[in-house]
Amino acid sequence: MDLSPIWLTLKLAAITTLILLLIGLPLAWWLSKKRSLAKIVIEAIITMPLVLPPSVLGFYLLLAFSPQHGLGHWLQQTFDVQFVFSFKGLVLASVIYSMPFMISPVKSAFQQLPASLSQASYTLGKTQWQTFWHVLLPNIKPSLLTATVLTFAHTLGEFGVVLMIGGNIPGVTRVASIAVYDSVEQRDYASANNYSLILFAITFVMVLSVFIYNKYQAKSPLE
Amino acid sequence: MIAVNIEKKLKAYNGLQLLRIKKTFLPGGITRITGPSGAGKTTFLKMIAGLVSPDNGTIKANDTTWFDASQKMNLAPQLRRVGFVFQDYALFPNMTVKQHLEYATDNADWINRLLTIGGLETFASHKPDHLSGGQQQRLAIMRALAIKPKLLLMDEPFSALDVKMKSALIKDLQVLFKELGTTALIVSHNPQELDGVSRDELEIG
C-alpha cells in the first residue's frame, strides 16, 4: 500500500494546526474583547467555512489563486509563488477552511474568563502580553487543546477544498481522503478500506485522548 | 493625596443614573466607602485604578494627573500602581498561593512576610481551588499588597473572614499601611468592621 497520502495528510494537518495556533490565538483573543461592527464582520467571515459547501470555498480559492487571474497572477509574477495544484495551496486552503475550528472554542474560552483576572494582572503592573501569556492562556488550556485537536482532525478529513485547489497529484496534493475516493473510483476497495481505517483510527484516538484529558482537567471553576 | 472629581453615567434598572464624586483622600488615611448595592462603589474604585474610565472630571495623585477628560488623558492601570482587592478575589486558577505573590514581586522576604500575615504559609503550594473562601480572600489582599502600593483599593475585603481572623488581619494591615505609607479606600457594608480604624467615610448613592 502506498503510504504517501497518509504522510502527506499528517504533514498538512500538522502545518495547518501550527499556523492556526500562531495566528488563531491572538485573533481569538482580540475577537473576545469588546465587540465592534468590524469584529462581527470578521467573525462572520471566519465562520463561513462552517456553513459553506467546501467545493464553493475551493472554487473561489481556485479562481483567486489561479495564475491566470489577478491575485494568483501577481503572486506568481512578483514572488514566483503558485498556490494552485501545489502543497502550499493545500496549506492555504486548509488554514482558511479549518480556521473556525481553532478560533471559535478559543474565543469562547477567553470570553468565559472573568474580566477581573486581566484587571488584577494590570493592577500588578503587567502588560497585556504578560497577562495573556501568564494568566489567560494557562487558564484556557483544556479549550486550547480541544481546538488544536479539532483543527488537526478536521484537516485530516478535508476533501472538497483540497481537491478543488490541489487536484490529485501523487506525492504532492494527493491526501488520504482523496486517495480513498480515488481507490473507490478504481474499484480498489482494499486500498480504500486501508486508508479509511488509518484515518478513522488516528482521529478516534485523538478525540478520545482529548475527552479523557478534559475529564481529569476540567475541575477548575473557570473551565 | 488623591484628589477625585469625576462623573460617570451608570446603567440602573430604571435607566441611567449619574455617579458624581468629589473628594480628597489624605495620604496614609483609611476611608470607608458605603452605599447601597448598585450605587457605583465598585465602579468608583475601578475608575481610580484606571480599569474603568469616567465620563468627565479629573483624578490626581499628588502632582501627577491620572485622568483628565478635558485633556483626554488617561494613565494606564499598570502605571498607576494601585493595589486592588477585587470583590470576587480575581485569583488566577493556574497559580499557587506563592506563585500569585511571585507574579507580583520578586522580593522573597516580602513574599514570606505576606504569607505569614495572611496565615497562608502552609498553603503556599496550593492553588485557589483548594483554598477556603477566607484563605482566598486573604490571598487576594496579600497579592494586592505585594506591589507595596501607595494607594490600596479594597472591595468588600473582609466579607469571608470570621471575626477573630478579621480583627487580627486588620491590626496587621494597619501596621503595614503605616510602614508603606499606604492610603486605603475600603468598601464595607459592615458598620462595625472598621470602627477605630477608619476616620474618614464616603457615602455613595
# chains A, B, ... in the order shown; residues from 1 in each chain; ligands from 1
>>> closest_atom_pairs(of="chain B", to="chain A", cutoff="6 Å", atoms="only C-alpha atoms", output="tab-separated table")
residue	atom	partner	partner_atom	distance
B:Pro77	CA	A:Thr123	CA	5.6
B:Gln78	CA	A:Gly125	CA	4.0
B:Ala90	CA	A:Leu117	CA	5.1
B:Ala104	CA	A:Leu124	CA	5.7
>>> write_last_selection(atoms="C-alpha atoms", output="PDB file, in the first residue's frame")
ATOM      1  CA  PRO B  77      -3.582  50.996  35.306  1.00  0.00           C
ATOM      2  CA  GLN B  78      -0.092  49.492  35.008  1.00  0.00           C
ATOM      3  CA  ALA B  90      -9.896  37.519  40.874  1.00  0.00           C
ATOM      4  CA  ALA B 104       3.535  40.497  41.630  1.00  0.00           C
TER       5      ALA B 104
END
>>> residues_around(residues="Phe101 in chain A", least_positions_apart="6", cutoff="8 Å", atoms="only C-alpha atoms", output="mmCIF file with N, CA, C and O atoms, in the first residue's frame")
data_model
loop_
_atom_site.group_PDB
_atom_site.id
_atom_site.type_symbol
_atom_site.label_atom_id
_atom_site.label_comp_id
_atom_site.auth_asym_id
_atom_site.auth_seq_id
_atom_site.Cartn_x
_atom_site.Cartn_y
_atom_site.Cartn_z
ATOM 1 N N ALA A 147 -9.418 22.701 20.770
ATOM 2 C CA ALA A 147 -9.367 23.422 19.485
ATOM 3 C C ALA A 147 -8.239 22.889 18.603
ATOM 4 O O ALA A 147 -8.414 22.702 17.395
ATOM 5 N N LEU A 150 -9.237 19.401 17.331
ATOM 6 C CA LEU A 150 -10.324 19.526 16.346
ATOM 7 C C LEU A 150 -9.782 20.038 15.021
ATOM 8 O O LEU A 150 -10.168 19.564 13.950
ATOM 9 N N THR A 151 -8.899 21.031 15.102
ATOM 10 C CA THR A 151 -8.319 21.603 13.882
ATOM 11 C C THR A 151 -7.517 20.540 13.139
ATOM 12 O O THR A 151 -7.659 20.371 11.920
ATOM 13 N N HIS A 154 -9.914 17.846 11.796
ATOM 14 C CA HIS A 154 -10.726 18.367 10.697
ATOM 15 C C HIS A 154 -9.901 18.465 9.419
ATOM 16 O O HIS A 154 -10.390 18.170 8.326
#
>>> residues_around(residues="range 183-187 of chain A", least_positions_apart="4", cutoff="12 Å", atoms="only C-alpha atoms", output="NGL selection string")
:A and (1-2 or 5 or 168 or 174 or 176-179 or 191-196)
>>> select_by_dssp(residues="range 12-183 of chain A", states="helix (DSSP H, G or I)", output="ChimeraX atom specification")
/A:12-32,37-51,54-65,70-79,87-112,115-123,128-156,160-166,176-183
>>> atom_distance(atom1="CA of Lys148 in chain B", atom2="CA of His100 in chain B")
14.5 Å
>>> residues_around(residues="Phe152 in chain A", least_positions_apart="5", cutoff="10 Å", atoms="only C-alpha atoms", output="ChimeraX atom specification")
/A:9-10,12-18,20,94,98,101-102,146-147,157,203,206
>>> closest_residue(among="B:Leu153, B:Leu180, B:Leu194, B:Leu161", to="Phe84 in chain B", atoms="only C-alpha atoms")
B:Leu153
>>> residues_around(residues="Val163 in chain B", least_positions_apart="4", cutoff="12 Å", atoms="only C-alpha atoms", output="MDAnalysis selection string")
chainID B and resid 134 158:159 167:170 190 192:194
>>> select_by_dssp(residues="range 23-197 of chain B", states="strand (DSSP E or B)", output="VMD selection string")
chain B and resid 23 to 25 30 to 34 56 to 61 64 to 68 73 to 74 83 to 85 151 to 155 183 to 187
>>> residues_around(residues="His189 in chain B", least_positions_apart="2", cutoff="8 Å", atoms="only C-alpha atoms", output="list of chain:residue names")
B:Thr34, B:Gly35, B:Glu156, B:Val187, B:Pro191
>>> atom_distance(atom1="CA of Ala64 in chain A", atom2="CA of Ile103 in chain A")
23.7 Å
>>> decode(residues="range 26-38 of chain B", atoms="all heavy atoms", output="mmCIF file, in the first residue's frame")
data_model
loop_
_atom_site.group_PDB
_atom_site.id
_atom_site.type_symbol
_atom_site.label_atom_id
_atom_site.label_comp_id
_atom_site.auth_asym_id
_atom_site.auth_seq_id
_atom_site.Cartn_x
_atom_site.Cartn_y
_atom_site.Cartn_z
ATOM 1 N N LEU B 26 -6.608 61.895 52.054
ATOM 2 C CA LEU B 26 -5.310 62.308 52.582
ATOM 3 C C LEU B 26 -4.327 61.128 52.631
ATOM 4 O O LEU B 26 -4.741 59.979 52.804
ATOM 5 C CB LEU B 26 -5.485 62.898 53.989
ATOM 6 C CG LEU B 26 -6.319 64.183 54.021
ATOM 7 C CD1 LEU B 26 -6.559 64.636 55.458
ATOM 8 C CD2 LEU B 26 -5.652 65.298 53.207
ATOM 9 N N PRO B 27 -3.020 61.415 52.491
ATOM 10 C CA PRO B 27 -2.024 60.339 52.482
ATOM 11 C C PRO B 27 -2.040 59.555 53.795
ATOM 12 O O PRO B 27 -2.130 60.149 54.873
ATOM 13 C CB PRO B 27 -0.685 61.072 52.324
ATOM 14 C CG PRO B 27 -1.016 62.463 51.943
ATOM 15 C CD PRO B 27 -2.411 62.744 52.349
ATOM 16 N N GLY B 28 -1.985 58.255 53.693
ATOM 17 C CA GLY B 28 -1.950 57.402 54.875
ATOM 18 C C GLY B 28 -3.310 57.214 55.534
ATOM 19 O O GLY B 28 -3.414 56.503 56.524
ATOM 20 N N GLY B 29 -4.332 57.842 54.989
ATOM 21 C CA GLY B 29 -5.667 57.737 55.599
ATOM 22 C C GLY B 29 -6.383 56.462 55.159
ATOM 23 O O GLY B 29 -6.077 55.871 54.138
ATOM 24 N N ILE B 30 -7.319 56.066 56.018
ATOM 25 C CA ILE B 30 -8.155 54.908 55.661
ATOM 26 C C ILE B 30 -9.594 55.407 55.563
ATOM 27 O O ILE B 30 -10.139 55.929 56.537
ATOM 28 C CB ILE B 30 -8.046 53.791 56.721
ATOM 29 C CG1 ILE B 30 -6.587 53.299 56.798
ATOM 30 C CG2 ILE B 30 -8.981 52.638 56.376
ATOM 31 C CD1 ILE B 30 -6.351 52.280 57.901
ATOM 32 N N THR B 31 -10.183 55.267 54.404
ATOM 33 C CA THR B 31 -11.537 55.757 54.178
ATOM 34 C C THR B 31 -12.487 54.592 53.968
ATOM 35 O O THR B 31 -12.203 53.686 53.188
ATOM 36 C CB THR B 31 -11.590 56.677 52.939
ATOM 37 O OG1 THR B 31 -10.657 57.735 53.119
ATOM 38 C CG2 THR B 31 -12.983 57.233 52.718
ATOM 39 N N ARG B 32 -13.577 54.623 54.681
ATOM 40 C CA ARG B 32 -14.602 53.588 54.494
ATOM 41 C C ARG B 32 -15.614 54.095 53.479
ATOM 42 O O ARG B 32 -16.105 55.217 53.588
ATOM 43 C CB ARG B 32 -15.270 53.316 55.844
ATOM 44 C CG ARG B 32 -16.395 52.339 55.768
ATOM 45 C CD ARG B 32 -16.815 51.923 57.181
ATOM 46 N NE ARG B 32 -17.982 51.088 57.046
ATOM 47 C CZ ARG B 32 -19.214 51.451 57.415
ATOM 48 N NH1 ARG B 32 -19.418 52.613 57.967
ATOM 49 N NH2 ARG B 32 -20.220 50.629 57.247
ATOM 50 N N ILE B 33 -15.904 53.268 52.488
ATOM 51 C CA ILE B 33 -16.874 53.654 51.459
ATOM 52 C C ILE B 33 -18.133 52.827 51.650
ATOM 53 O O ILE B 33 -18.082 51.598 51.706
ATOM 54 C CB ILE B 33 -16.291 53.434 50.049
ATOM 55 C CG1 ILE B 33 -15.050 54.322 49.864
ATOM 56 C CG2 ILE B 33 -17.322 53.741 48.981
ATOM 57 C CD1 ILE B 33 -14.291 54.086 48.588
ATOM 58 N N THR B 34 -19.240 53.524 51.759
ATOM 59 C CA THR B 34 -20.515 52.823 51.981
ATOM 60 C C THR B 34 -21.508 53.225 50.894
ATOM 61 O O THR B 34 -21.259 54.163 50.124
ATOM 62 C CB THR B 34 -21.122 53.189 53.346
ATOM 63 O OG1 THR B 34 -21.333 54.609 53.350
ATOM 64 C CG2 THR B 34 -20.208 52.807 54.493
ATOM 65 N N GLY B 35 -22.626 52.523 50.875
ATOM 66 C CA GLY B 35 -23.678 52.871 49.919
ATOM 67 C C GLY B 35 -24.444 51.625 49.539
ATOM 68 O O GLY B 35 -23.943 50.508 49.689
ATOM 69 N N PRO B 36 -25.669 51.823 49.022
ATOM 70 C CA PRO B 36 -26.497 50.667 48.666
ATOM 71 C C PRO B 36 -25.925 49.900 47.466
ATOM 72 O O PRO B 36 -25.115 50.440 46.709
ATOM 73 C CB PRO B 36 -27.851 51.298 48.315
ATOM 74 C CG PRO B 36 -27.554 52.726 48.006
ATOM 75 C CD PRO B 36 -26.344 53.110 48.778
ATOM 76 N N SER B 37 -26.362 48.678 47.301
ATOM 77 C CA SER B 37 -25.918 47.873 46.163
ATOM 78 C C SER B 37 -26.290 48.561 44.856
ATOM 79 O O SER B 37 -27.386 49.109 44.722
ATOM 80 C CB SER B 37 -26.592 46.497 46.193
ATOM 81 O OG SER B 37 -26.178 45.809 47.324
ATOM 82 N N GLY B 38 -25.384 48.545 43.925
ATOM 83 C CA GLY B 38 -25.645 49.131 42.612
ATOM 84 C C GLY B 38 -25.428 50.627 42.572
ATOM 85 O O GLY B 38 -25.680 51.279 41.549
#
